[in-house]
Structures are given as structure tokens and as C-alpha cells.
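Trainee: TSV, N, CA and C atoms, file coords.tsv:
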chain	number	residue	atom	x	y	z
A	1	MET	N	-8.59	14.69	-6.04
A	1	MET	CA	-8.93	13.39	-5.49
A	1	MET	C	-7.64	12.65	-5.18
A	2	THR	N	-7.62	11.96	-4.05
A	2	THR	CA	-6.49	11.13	-3.66
A	2	THR	C	-7.01	9.73	-3.34
A	3	ILE	N	-6.30	8.72	-3.86
A	3	ILE	CA	-6.68	7.33	-3.61
A	3	ILE	C	-5.50	6.56	-3.05
A	4	SER	N	-5.80	5.51	-2.33
A	4	SER	CA	-4.82	4.53	-1.92
A	4	SER	C	-5.16	3.26	-2.68
A	5	CYS	N	-4.18	2.63	-3.30
A	5	CYS	CA	-4.49	1.43	-4.08
A	5	CYS	C	-3.46	0.34	-3.84
A	6	GLU	N	-3.89	-0.89	-4.09
A	6	GLU	CA	-3.03	-2.07	-4.07
A	6	GLU	C	-3.37	-2.93	-5.27
A	7	TRP	N	-2.34	-3.41	-5.93
A	7	TRP	CA	-2.52	-4.29	-7.08
A	7	TRP	C	-1.73	-5.55	-6.78
A	8	GLU	N	-2.39	-6.69	-6.79
A	8	GLU	CA	-1.73	-7.97	-6.53
A	8	GLU	C	-1.35	-8.65	-7.84
A	9	PHE	N	-0.18	-9.27	-7.83
A	9	PHE	CA	0.31	-10.00	-8.99
A	9	PHE	C	0.75	-11.39	-8.56
A	10	HIS	N	0.41	-12.37	-9.37
A	10	HIS	CA	0.92	-13.72	-9.16
A	10	HIS	C	2.20	-13.82	-9.99
A	11	VAL	N	3.30	-14.15	-9.34
A	11	VAL	CA	4.58	-14.25	-10.02
A	11	VAL	C	4.67	-15.61	-10.69
A	12	THR	N	4.86	-15.63	-12.00
A	12	THR	CA	4.97	-16.88	-12.74
A	12	THR	C	6.44	-17.24	-12.94
A	13	GLY	N	6.68	-18.51	-13.13
A	13	GLY	CA	8.05	-18.98	-13.35
A	13	GLY	C	8.64	-19.60	-12.11
A	14	PRO	N	9.76	-20.27	-12.26
A	14	PRO	CA	10.39	-21.01	-11.15
A	14	PRO	C	11.32	-20.14	-10.31
A	15	ASP	N	10.78	-19.19	-9.56
A	15	ASP	CA	11.62	-18.32	-8.75
A	15	ASP	C	11.69	-18.81	-7.31
A	16	PRO	N	12.88	-19.06	-6.81
A	16	PRO	CA	12.99	-19.34	-5.38
A	16	PRO	C	12.71	-18.05	-4.60
A	17	SER	N	12.43	-18.16	-3.34
A	17	SER	CA	12.02	-17.00	-2.56
A	17	SER	C	13.09	-15.90	-2.52
A	18	ILE	N	14.36	-16.23	-2.60
A	18	ILE	CA	15.40	-15.19	-2.61
A	18	ILE	C	15.30	-14.37	-3.89
A	19	ALA	N	15.08	-15.02	-5.03
A	19	ALA	CA	14.93	-14.29	-6.29
A	19	ALA	C	13.66	-13.45	-6.26
A	20	LEU	N	12.61	-13.96	-5.66
A	20	LEU	CA	11.36	-13.21	-5.53
A	20	LEU	C	11.59	-11.96	-4.69
A	21	GLN	N	12.33	-12.10	-3.60
A	21	GLN	CA	12.65	-10.95	-2.75
A	21	GLN	C	13.45	-9.92	-3.53
A	22	ALA	N	14.39	-10.36	-4.31
A	22	ALA	CA	15.20	-9.43	-5.12
A	22	ALA	C	14.32	-8.68	-6.11
A	23	LYS	N	13.35	-9.38	-6.72
A	23	LYS	CA	12.43	-8.70	-7.65
A	23	LYS	C	11.61	-7.65	-6.91
A	24	GLY	N	11.13	-8.01	-5.74
A	24	GLY	CA	10.35	-7.06	-4.95
A	24	GLY	C	11.17	-5.83	-4.58
A	25	ASP	N	12.43	-6.04	-4.22
A	25	ASP	CA	13.31	-4.91	-3.89
A	25	ASP	C	13.52	-4.00	-5.09
A	26	ARG	N	13.69	-4.59	-6.29
A	26	ARG	CA	13.88	-3.77	-7.49
A	26	ARG	C	12.62	-2.98	-7.82
A	27	VAL	N	11.45	-3.60	-7.68
A	27	VAL	CA	10.19	-2.88	-7.94
A	27	VAL	C	10.05	-1.74	-6.94
A	28	MET	N	10.36	-1.98	-5.67
A	28	MET	CA	10.25	-0.93	-4.66
A	28	MET	C	11.18	0.23	-4.99
A	29	SER	N	12.40	-0.08	-5.38
A	29	SER	CA	13.36	0.97	-5.75
A	29	SER	C	12.84	1.81	-6.92
A	30	CYS	N	12.26	1.15	-7.90
A	30	CYS	CA	11.71	1.87	-9.06
A	30	CYS	C	10.50	2.72	-8.67
A	31	LEU	N	9.67	2.21	-7.77
A	31	LEU	CA	8.54	3.01	-7.27
A	31	LEU	C	9.04	4.27	-6.57
A	32	LEU	N	10.08	4.13	-5.77
A	32	LEU	CA	10.63	5.29	-5.08
A	32	LEU	C	11.22	6.30	-6.06
A	33	ASP	N	11.83	5.81	-7.14
A	33	ASP	CA	12.33	6.70	-8.19
A	33	ASP	C	11.17	7.47	-8.83
A	34	LEU	N	10.07	6.77	-9.11
A	34	LEU	CA	8.90	7.43	-9.68
A	34	LEU	C	8.34	8.48	-8.72
A	35	GLU	N	8.27	8.11	-7.44
A	35	GLU	CA	7.77	9.05	-6.42
A	35	GLU	C	8.60	10.33	-6.40
A	36	SER	N	9.91	10.19	-6.51
A	36	SER	CA	10.77	11.37	-6.43
A	36	SER	C	10.60	12.28	-7.66
A	37	ALA	N	10.13	11.71	-8.76
A	37	ALA	CA	9.94	12.49	-9.99
A	37	ALA	C	8.50	12.96	-10.20
A	38	ASP	N	7.56	12.41	-9.45
A	38	ASP	CA	6.14	12.71	-9.67
A	38	ASP	C	5.48	13.05	-8.34
A	39	PRO	N	5.15	14.32	-8.12
A	39	PRO	CA	4.57	14.72	-6.83
A	39	PRO	C	3.18	14.15	-6.57
A	40	ARG	N	2.57	13.52	-7.58
A	40	ARG	CA	1.24	12.92	-7.37
A	40	ARG	C	1.33	11.54	-6.73
A	41	LEU	N	2.53	10.97	-6.60
A	41	LEU	CA	2.72	9.63	-6.04
A	41	LEU	C	3.33	9.72	-4.65
A	42	ALA	N	2.88	8.85	-3.74
A	42	ALA	CA	3.42	8.83	-2.38
A	42	ALA	C	3.21	7.46	-1.75
A	43	ASP	N	3.93	7.22	-0.68
A	43	ASP	CA	3.73	6.04	0.20
A	43	ASP	C	3.75	4.70	-0.54
A	44	SER	N	4.72	4.51	-1.42
A	44	SER	CA	4.86	3.25	-2.14
A	44	SER	C	5.16	2.11	-1.18
A	45	ALA	N	4.68	0.92	-1.53
A	45	ALA	CA	4.94	-0.27	-0.72
A	45	ALA	C	4.91	-1.50	-1.60
A	46	VAL	N	5.76	-2.47	-1.27
A	46	VAL	CA	5.76	-3.77	-1.95
A	46	VAL	C	5.81	-4.83	-0.87
A	47	SER	N	4.90	-5.79	-0.96
A	47	SER	CA	4.95	-6.93	-0.04
A	47	SER	C	4.93	-8.21	-0.85
A	48	LEU	N	5.53	-9.24	-0.28
A	48	LEU	CA	5.68	-10.51	-0.99
A	48	LEU	C	5.22	-11.67	-0.11
A	49	ASP	N	4.61	-12.64	-0.76
A	49	ASP	CA	4.29	-13.91	-0.11
A	49	ASP	C	4.98	-14.99	-0.92
A	50	ALA	N	6.13	-15.43	-0.46
A	50	ALA	CA	6.92	-16.40	-1.21
A	50	ALA	C	6.20	-17.73	-1.36
A	51	GLY	N	5.37	-18.09	-0.40
A	51	GLY	CA	4.65	-19.36	-0.47
A	51	GLY	C	3.66	-19.41	-1.61
A	52	THR	N	2.94	-18.32	-1.82
A	52	THR	CA	1.94	-18.27	-2.89
A	52	THR	C	2.44	-17.54	-4.13
A	53	LYS	N	3.66	-16.99	-4.05
A	53	LYS	CA	4.26	-16.20	-5.13
A	53	LYS	C	3.37	-15.02	-5.52
A	54	VAL	N	2.87	-14.31	-4.51
A	54	VAL	CA	2.06	-13.12	-4.74
A	54	VAL	C	2.84	-11.89	-4.32
A	55	MET	N	2.93	-10.92	-5.22
A	55	MET	CA	3.54	-9.63	-4.96
A	55	MET	C	2.41	-8.60	-4.92
A	56	THR	N	2.34	-7.83	-3.85
A	56	THR	CA	1.34	-6.77	-3.74
A	56	THR	C	2.08	-5.44	-3.80
A	57	VAL	N	1.65	-4.59	-4.72
A	57	VAL	CA	2.26	-3.28	-4.91
A	57	VAL	C	1.21	-2.23	-4.58
A	58	GLY	N	1.57	-1.30	-3.72
A	58	GLY	CA	0.62	-0.27	-3.33
A	58	GLY	C	1.23	1.11	-3.37
A	59	LEU	N	0.35	2.11	-3.51
A	59	LEU	CA	0.79	3.49	-3.42
A	59	LEU	C	-0.42	4.41	-3.28
A	60	VAL	N	-0.13	5.64	-2.92
A	60	VAL	CA	-1.15	6.68	-2.83
A	60	VAL	C	-0.95	7.59	-4.03
A	61	VAL	N	-2.06	7.90	-4.72
A	61	VAL	CA	-1.99	8.69	-5.95
A	61	VAL	C	-3.00	9.82	-5.88
A	62	ALA	N	-2.58	11.01	-6.31
A	62	ALA	CA	-3.47	12.17	-6.39
A	62	ALA	C	-3.76	12.46	-7.86
A	63	GLY	N	-4.96	12.93	-8.13
A	63	GLY	CA	-5.34	13.26	-9.50
A	63	GLY	C	-6.55	14.15	-9.53
A	64	THR	N	-7.01	14.44	-10.74
A	64	THR	CA	-8.13	15.37	-10.90
A	64	THR	C	-9.49	14.72	-10.71
A	65	ASP	N	-9.63	13.46	-11.12
A	65	ASP	CA	-10.89	12.74	-10.93
A	65	ASP	C	-10.58	11.26	-10.76
A	66	TYR	N	-11.58	10.49	-10.42
A	66	TYR	CA	-11.39	9.07	-10.11
A	66	TYR	C	-10.75	8.31	-11.27
A	67	GLU	N	-11.30	8.44	-12.47
A	67	GLU	CA	-10.81	7.66	-13.61
A	67	GLU	C	-9.35	7.99	-13.92
A	68	GLU	N	-9.03	9.26	-13.94
A	68	GLU	CA	-7.65	9.67	-14.26
A	68	GLU	C	-6.69	9.21	-13.17
A	69	THR	N	-7.11	9.29	-11.92
A	69	THR	CA	-6.25	8.91	-10.80
A	69	THR	C	-5.99	7.41	-10.80
A	70	VAL	N	-7.01	6.61	-11.02
A	70	VAL	CA	-6.82	5.15	-11.10
A	70	VAL	C	-5.93	4.79	-12.29
A	71	ALA	N	-6.15	5.42	-13.43
A	71	ALA	CA	-5.32	5.15	-14.60
A	71	ALA	C	-3.85	5.49	-14.31
A	72	HIS	N	-3.61	6.59	-13.62
A	72	HIS	CA	-2.24	6.98	-13.29
A	72	HIS	C	-1.62	5.98	-12.31
A	73	ALA	N	-2.41	5.49	-11.37
A	73	ALA	CA	-1.92	4.49	-10.42
A	73	ALA	C	-1.51	3.21	-11.15
A	74	LEU	N	-2.39	2.71	-12.00
A	74	LEU	CA	-2.09	1.48	-12.74
A	74	LEU	C	-0.86	1.66	-13.63
A	75	ASN	N	-0.78	2.78	-14.32
A	75	ASN	CA	0.36	3.04	-15.20
A	75	ASN	C	1.66	3.15	-14.39
A	76	SER	N	1.60	3.79	-13.24
A	76	SER	CA	2.80	3.95	-12.42
A	76	SER	C	3.30	2.60	-11.91
A	77	ILE	N	2.40	1.74	-11.48
A	77	ILE	CA	2.80	0.43	-10.99
A	77	ILE	C	3.40	-0.40	-12.12
A	78	ARG	N	2.75	-0.41	-13.27
A	78	ARG	CA	3.31	-1.17	-14.41
A	78	ARG	C	4.67	-0.61	-14.82
A	79	THR	N	4.80	0.71	-14.81
A	79	THR	CA	6.08	1.33	-15.18
A	79	THR	C	7.18	0.88	-14.23
A	80	ALA	N	6.89	0.84	-12.93
A	80	ALA	CA	7.90	0.40	-11.96
A	80	ALA	C	8.28	-1.05	-12.18
A	81	ILE	N	7.30	-1.89	-12.43
A	81	ILE	CA	7.58	-3.32	-12.67
A	81	ILE	C	8.45	-3.49	-13.91
A	82	HIS	N	8.12	-2.80	-14.97
A	82	HIS	CA	8.90	-2.91	-16.21
A	82	HIS	C	10.30	-2.33	-16.03
A	83	ALA	N	10.41	-1.19	-15.32
A	83	ALA	CA	11.72	-0.59	-15.08
A	83	ALA	C	12.60	-1.51	-14.24
A	84	ALA	N	11.97	-2.33	-13.40
A	84	ALA	CA	12.70	-3.29	-12.56
A	84	ALA	C	13.08	-4.55	-13.31
A	85	GLY	N	12.71	-4.63	-14.59
A	85	GLY	CA	13.04	-5.81	-15.38
A	85	GLY	C	11.97	-6.87	-15.38
A	86	GLY	N	10.82	-6.57	-14.77
A	86	GLY	CA	9.72	-7.52	-14.74
A	86	GLY	C	8.84	-7.36	-15.96
A	87	ALA	N	7.92	-8.25	-16.09
A	87	ALA	CA	6.97	-8.21	-17.19
A	87	ALA	C	5.58	-8.41	-16.61
A	88	THR	N	4.61	-7.75	-17.20
A	88	THR	CA	3.23	-7.98	-16.81
A	88	THR	C	2.56	-8.78	-17.91
A	89	GLN	N	1.41	-9.32	-17.61
A	89	GLN	CA	0.70	-10.21	-18.52
A	89	GLN	C	0.72	-9.66	-19.95
A	90	ASP	N	1.09	-10.52	-20.89
A	90	ASP	CA	1.14	-10.23	-22.32
A	90	ASP	C	2.24	-9.23	-22.70
A	91	TRP	N	3.05	-8.80	-21.73
A	91	TRP	CA	4.12	-7.85	-22.06
A	91	TRP	C	5.32	-8.59	-22.64
A	92	ASP	N	5.66	-9.72	-22.05
A	92	ASP	CA	6.82	-10.49	-22.48
A	92	ASP	C	6.48	-11.97	-22.36
A	93	ALA	N	5.95	-12.52	-23.42
A	93	ALA	CA	5.47	-13.91	-23.39
A	93	ALA	C	6.60	-14.90	-23.14
A	94	ALA	N	7.84	-14.53	-23.44
A	94	ALA	CA	8.95	-15.47	-23.33
A	94	ALA	C	9.52	-15.57	-21.92
A	95	GLY	N	9.34	-14.54	-21.09
A	95	GLY	CA	10.02	-14.52	-19.80
A	95	GLY	C	9.09	-14.73	-18.63
A	96	THR	N	9.69	-14.73	-17.48
A	96	THR	CA	8.93	-14.81	-16.24
A	96	THR	C	8.20	-13.49	-16.07
A	97	GLY	N	6.94	-13.57	-15.72
A	97	GLY	CA	6.18	-12.34	-15.60
A	97	GLY	C	5.28	-12.30	-14.41
A	98	LEU	N	4.42	-11.31	-14.41
A	98	LEU	CA	3.47	-11.11	-13.34
A	98	LEU	C	2.08	-11.10	-13.93
A	99	GLU	N	1.22	-11.94	-13.41
A	99	GLU	CA	-0.17	-11.97	-13.87
A	99	GLU	C	-1.00	-11.14	-12.90
A	100	PRO	N	-1.63	-10.05	-13.40
A	100	PRO	CA	-2.43	-9.21	-12.51
A	100	PRO	C	-3.55	-9.98	-11.85
A	101	GLN	N	-3.73	-9.74	-10.57
A	101	GLN	CA	-4.81	-10.34	-9.79
A	101	GLN	C	-5.73	-9.20	-9.35
A	102	GLY	N	-6.11	-9.18	-8.12
A	102	GLY	CA	-7.04	-8.18	-7.61
A	102	GLY	C	-6.45	-6.79	-7.52
A	103	PHE	N	-7.26	-5.79	-7.82
A	103	PHE	CA	-6.89	-4.38	-7.69
A	103	PHE	C	-7.88	-3.74	-6.73
A	104	ARG	N	-7.37	-3.10	-5.68
A	104	ARG	CA	-8.24	-2.46	-4.69
A	104	ARG	C	-7.95	-0.99	-4.62
A	105	VAL	N	-9.00	-0.17	-4.54
A	105	VAL	CA	-8.85	1.28	-4.45
A	105	VAL	C	-9.72	1.79	-3.32
A	106	ALA	N	-9.19	2.75	-2.56
A	106	ALA	CA	-9.98	3.42	-1.53
A	106	ALA	C	-9.71	4.91	-1.62
A	107	ALA	N	-10.78	5.71	-1.67
A	107	ALA	CA	-10.61	7.16	-1.67
A	107	ALA	C	-10.13	7.58	-0.30
A	108	MET	N	-9.32	8.61	-0.29
A	108	MET	CA	-8.77	9.09	0.98
A	108	MET	C	-9.36	10.44	1.33
The structure in this file should be written as C-alpha cells.

Mentor:
Amino acid sequence: MTISCEWEFHVTGPDPSIALQAKGDRVMSCLLDLESADPRLADSAVSLDAGTKVMTVGLVVAGTDYEETVAHALNSIRTAIHAAGGATQDWDAAGTGLEPQGFRVAAM
């Protein structure tokens, strides 16, 4: 099974748009590192809306069944965010983090 997914995050904290762009670039770089090490990952993408402070992270993931593939997608995205120095909800209460918003999946 192969899926395409997008996970939206609301960026918390007082980040100007340049800092937000830098965070997005670091997450993208980490996603590409994961892709190069994991043949189940492909077509990573990061988009940013500085006005609403929303970061959308997407990728294509292959797996054995729907549940395992979605779990691998979610884990890969969180891993990239953490490797980039970001935090996801409840990961680092003291710092600026990302609050998960909508998650979309489409089978390919």
C-alpha cells in the first residue's frame, strides 16, 4: 500500500516569518535525510503560511497495510521535526513548538 499524506501544524511562539522559513527549511532537510535512508519514503514537501503560522508537511509512504503505513508516515514527520530542533505538542513544554492540526491521507 502507498499513501500520500499531509500533516498541518500551527507554529506556536513569537516567530517572525524569516525564522519560520528557516524552521521549514530545516524540517525539509531532515525529511530528505530520512528519504535517503528509508526507501519507503518519497516526495517530501514542506509549505509555510507565515500569516497564519501554519506549516504543512507532506510525503508519500509505502507500507504493508493502511494502519502501519499511516503510523510510519506520522512517525517520520515527527522524527524530521524533532531532528530539525522543533517540538511537537507535549514534546517540549518549555519551548516553541508545533501543535498538530489536520492530517489528510489519500491512497495512491

Trainee: Return as AutoDock Vina command-line options the centre and edge lengths, in Å with one decimal, of the box along x, y and z that encloses every atom of region 56-73 of chain A in the file, padded by 4 Å per side.

Mentor:
--center_x -4.6 --center_y 3.8 --center_z -8.7 --size_x 21.9 --size_y 31.2 --size_z 19.8

Trainee: Within 10 Å of (10.3, 2.3, -12.0) in the file's own coordinates, which protein, DNA or RNA residues have an atom, counting only C-alpha atoms? List them as an MDAnalysis selection string.

Mentor: chainID A and resid 26:35 76:85

Trainee: Got a sec: who's within 8 Å of Met55 (chain A), counting all atoms listed in the file, leaving out chain neighbours fewer than 4 positions off, as number ranges by chain?

Mentor: A: 7-11, 24, 46-50

Trainee: One decimal, Å: what's the distance from CA of Gln21 (chain A) over to CA of Val57 (chain A), could you say?

Mentor: 13.1 Å

Trainee: Rank A:Thr64, A:Val70, A:Thr56, A:Ala107 by their smallest atom-to-atom distance to Glu6 (chain A), using all atoms listed in the file, and report the top residue only.

Mentor: A:Thr56

Trainee: I'd like the interatomic distance between CA of Glu68 (chain A) and CA of Ala106 (chain A), to a tenth of an Å.

Mentor: 14.4 Å

Trainee: With all atoms listed in the file as the atoms that count, which of A:Pro39, A:Ser17, A:Ala73, A:Thr88 lies nearest to Gly51 (chain A)?

Mentor: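 Answer, going by the shortest atom-to-atom distance: A:Ser17.
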
Trainee: To one decimal place, how far is CA of Ile18 (chain A) from CA of Val60 (chain A) in Å?

Mentor: 27.4 Å

Trainee: Counting all atoms listed in the file, which of A:Ala71, A:Ala42, A:Ala37, A:Ala22 gets nearest to Gly58 (chain A)?

Mentor: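 Closest candidate: A:Ala42.
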
Trainee: Among the residues of region 19-106 of chain A, find those DSSP assigns to strand (DSSP E) from the backbone and print them as a list of chain:residue names.

Mentor: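 Secondary structure check on region 19-106 of chain A, strand (DSSP E): A:Leu41, A:Ala42, A:Asp43, A:Ser44, A:Ala45, A:Val46, A:Ser47, A:Leu48, A:Asp49, A:Val54, A:Met55, A:Thr56, A:Val57, A:Gly58, A:Leu59, A:Val60, A:Val61, A:Ala62, A:Leu98, A:Glu99, A:Pro100, A:Gln101, A:Gly102, A:Phe103, A:Arg104, A:Val105, A:Ala106.
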
Trainee: Go ahead and write the selection's residues with N, CA and C atoms as a PDB file, in the frame of the given file.

Mentor:
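out28.pdb, freshly written:
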ATOM      1  N   LEU A  41       2.530  10.970  -6.600  1.00  0.00           N
ATOM      2  CA  LEU A  41       2.720   9.630  -6.040  1.00  0.00           C
ATOM      3  C   LEU A  41       3.330   9.720  -4.650  1.00  0.00           C
ATOM      4  N   ALA A  42       2.880   8.850  -3.740  1.00  0.00           N
ATOM      5  CA  ALA A  42       3.420   8.830  -2.380  1.00  0.00           C
ATOM      6  C   ALA A  42       3.210   7.460  -1.750  1.00  0.00           C
ATOM      7  N   ASP A  43       3.930   7.220  -0.680  1.00  0.00           N
ATOM      8  CA  ASP A  43       3.730   6.040   0.200  1.00  0.00           C
ATOM      9  C   ASP A  43       3.750   4.700  -0.540  1.00  0.00           C
ATOM     10  N   SER A  44       4.720   4.510  -1.420  1.00  0.00           N
ATOM     11  CA  SER A  44       4.860   3.250  -2.140  1.00  0.00           C
ATOM     12  C   SER A  44       5.160   2.110  -1.180  1.00  0.00           C
ATOM     13  N   ALA A  45       4.680   0.920  -1.530  1.00  0.00           N
ATOM     14  CA  ALA A  45       4.940  -0.270  -0.720  1.00  0.00           C
ATOM     15  C   ALA A  45       4.910  -1.500  -1.600  1.00  0.00           C
ATOM     16  N   VAL A  46       5.760  -2.470  -1.270  1.00  0.00           N
ATOM     17  CA  VAL A  46       5.760  -3.770  -1.950  1.00  0.00           C
ATOM     18  C   VAL A  46       5.810  -4.830  -0.870  1.00  0.00           C
ATOM     19  N   SER A  47       4.900  -5.790  -0.960  1.00  0.00           N
ATOM     20  CA  SER A  47       4.950  -6.930  -0.040  1.00  0.00           C
ATOM     21  C   SER A  47       4.930  -8.210  -0.850  1.00  0.00           C
ATOM     22  N   LEU A  48       5.530  -9.240  -0.280  1.00  0.00           N
ATOM     23  CA  LEU A  48       5.680 -10.510  -0.990  1.00  0.00           C
ATOM     24  C   LEU A  48       5.220 -11.670  -0.110  1.00  0.00           C
ATOM     25  N   ASP A  49       4.610 -12.640  -0.760  1.00  0.00           N
ATOM     26  CA  ASP A  49       4.290 -13.910  -0.110  1.00  0.00           C
ATOM     27  C   ASP A  49       4.980 -14.990  -0.920  1.00  0.00           C
ATOM     28  N   VAL A  54       2.870 -14.310  -4.510  1.00  0.00           N
ATOM     29  CA  VAL A  54       2.060 -13.120  -4.740  1.00  0.00           C
ATOM     30  C   VAL A  54       2.840 -11.890  -4.320  1.00  0.00           C
ATOM     31  N   MET A  55       2.930 -10.920  -5.220  1.00  0.00           N
ATOM     32  CA  MET A  55       3.540  -9.630  -4.960  1.00  0.00           C
ATOM     33  C   MET A  55       2.410  -8.600  -4.920  1.00  0.00           C
ATOM     34  N   THR A  56       2.340  -7.830  -3.850  1.00  0.00           N
ATOM     35  CA  THR A  56       1.340  -6.770  -3.740  1.00  0.00           C
ATOM     36  C   THR A  56       2.080  -5.440  -3.800  1.00  0.00           C
ATOM     37  N   VAL A  57       1.650  -4.590  -4.720  1.00  0.00           N
ATOM     38  CA  VAL A  57       2.260  -3.280  -4.910  1.00  0.00           C
ATOM     39  C   VAL A  57       1.210  -2.230  -4.580  1.00  0.00           C
ATOM     40  N   GLY A  58       1.570  -1.300  -3.720  1.00  0.00           N
ATOM     41  CA  GLY A  58       0.620  -0.270  -3.330  1.00  0.00           C
ATOM     42  C   GLY A  58       1.230   1.110  -3.370  1.00  0.00           C
ATOM     43  N   LEU A  59       0.350   2.110  -3.510  1.00  0.00           N
ATOM     44  CA  LEU A  59       0.790   3.490  -3.420  1.00  0.00           C
ATOM     45  C   LEU A  59      -0.420   4.410  -3.280  1.00  0.00           C
ATOM     46  N   VAL A  60      -0.130   5.640  -2.920  1.00  0.00           N
ATOM     47  CA  VAL A  60      -1.150   6.680  -2.830  1.00  0.00           C
ATOM     48  C   VAL A  60      -0.950   7.590  -4.030  1.00  0.00           C
ATOM     49  N   VAL A  61      -2.060   7.900  -4.720  1.00  0.00           N
ATOM     50  CA  VAL A  61      -1.990   8.690  -5.950  1.00  0.00           C
ATOM     51  C   VAL A  61      -3.000   9.820  -5.880  1.00  0.00           C
ATOM     52  N   ALA A  62      -2.580  11.010  -6.310  1.00  0.00           N
ATOM     53  CA  ALA A  62      -3.470  12.170  -6.390  1.00  0.00           C
ATOM     54  C   ALA A  62      -3.760  12.460  -7.860  1.00  0.00           C
ATOM     55  N   LEU A  98       4.420 -11.310 -14.410  1.00  0.00           N
ATOM     56  CA  LEU A  98       3.470 -11.110 -13.340  1.00  0.00           C
ATOM     57  C   LEU A  98       2.080 -11.100 -13.930  1.00  0.00           C
ATOM     58  N   GLU A  99       1.220 -11.940 -13.410  1.00  0.00           N
ATOM     59  CA  GLU A  99      -0.170 -11.970 -13.870  1.00  0.00           C
ATOM     60  C   GLU A  99      -1.000 -11.140 -12.900  1.00  0.00           C
ATOM     61  N   PRO A 100      -1.630 -10.050 -13.400  1.00  0.00           N
ATOM     62  CA  PRO A 100      -2.430  -9.210 -12.510  1.00  0.00           C
ATOM     63  C   PRO A 100      -3.550  -9.980 -11.850  1.00  0.00           C
ATOM     64  N   GLN A 101      -3.730  -9.740 -10.570  1.00  0.00           N
ATOM     65  CA  GLN A 101      -4.810 -10.340  -9.790  1.00  0.00           C
ATOM     66  C   GLN A 101      -5.730  -9.200  -9.350  1.00  0.00           C
ATOM     67  N   GLY A 102      -6.110  -9.180  -8.120  1.00  0.00           N
ATOM     68  CA  GLY A 102      -7.040  -8.180  -7.610  1.00  0.00           C
ATOM     69  C   GLY A 102      -6.450  -6.790  -7.520  1.00  0.00           C
ATOM     70  N   PHE A 103      -7.260  -5.790  -7.820  1.00  0.00           N
ATOM     71  CA  PHE A 103      -6.890  -4.380  -7.690  1.00  0.00           C
ATOM     72  C   PHE A 103      -7.880  -3.740  -6.730  1.00  0.00           C
ATOM     73  N   ARG A 104      -7.370  -3.100  -5.680  1.00  0.00           N
ATOM     74  CA  ARG A 104      -8.240  -2.460  -4.690  1.00  0.00           C
ATOM     75  C   ARG A 104      -7.950  -0.990  -4.620  1.00  0.00           C
ATOM     76  N   VAL A 105      -9.000  -0.170  -4.540  1.00  0.00           N
ATOM     77  CA  VAL A 105      -8.850   1.280  -4.450  1.00  0.00           C
ATOM     78  C   VAL A 105      -9.720   1.790  -3.320  1.00  0.00           C
ATOM     79  N   ALA A 106      -9.190   2.750  -2.560  1.00  0.00           N
ATOM     80  CA  ALA A 106      -9.980   3.420  -1.530  1.00  0.00           C
ATOM     81  C   ALA A 106      -9.710   4.910  -1.620  1.00  0.00           C
TER      82      ALA A 106
END
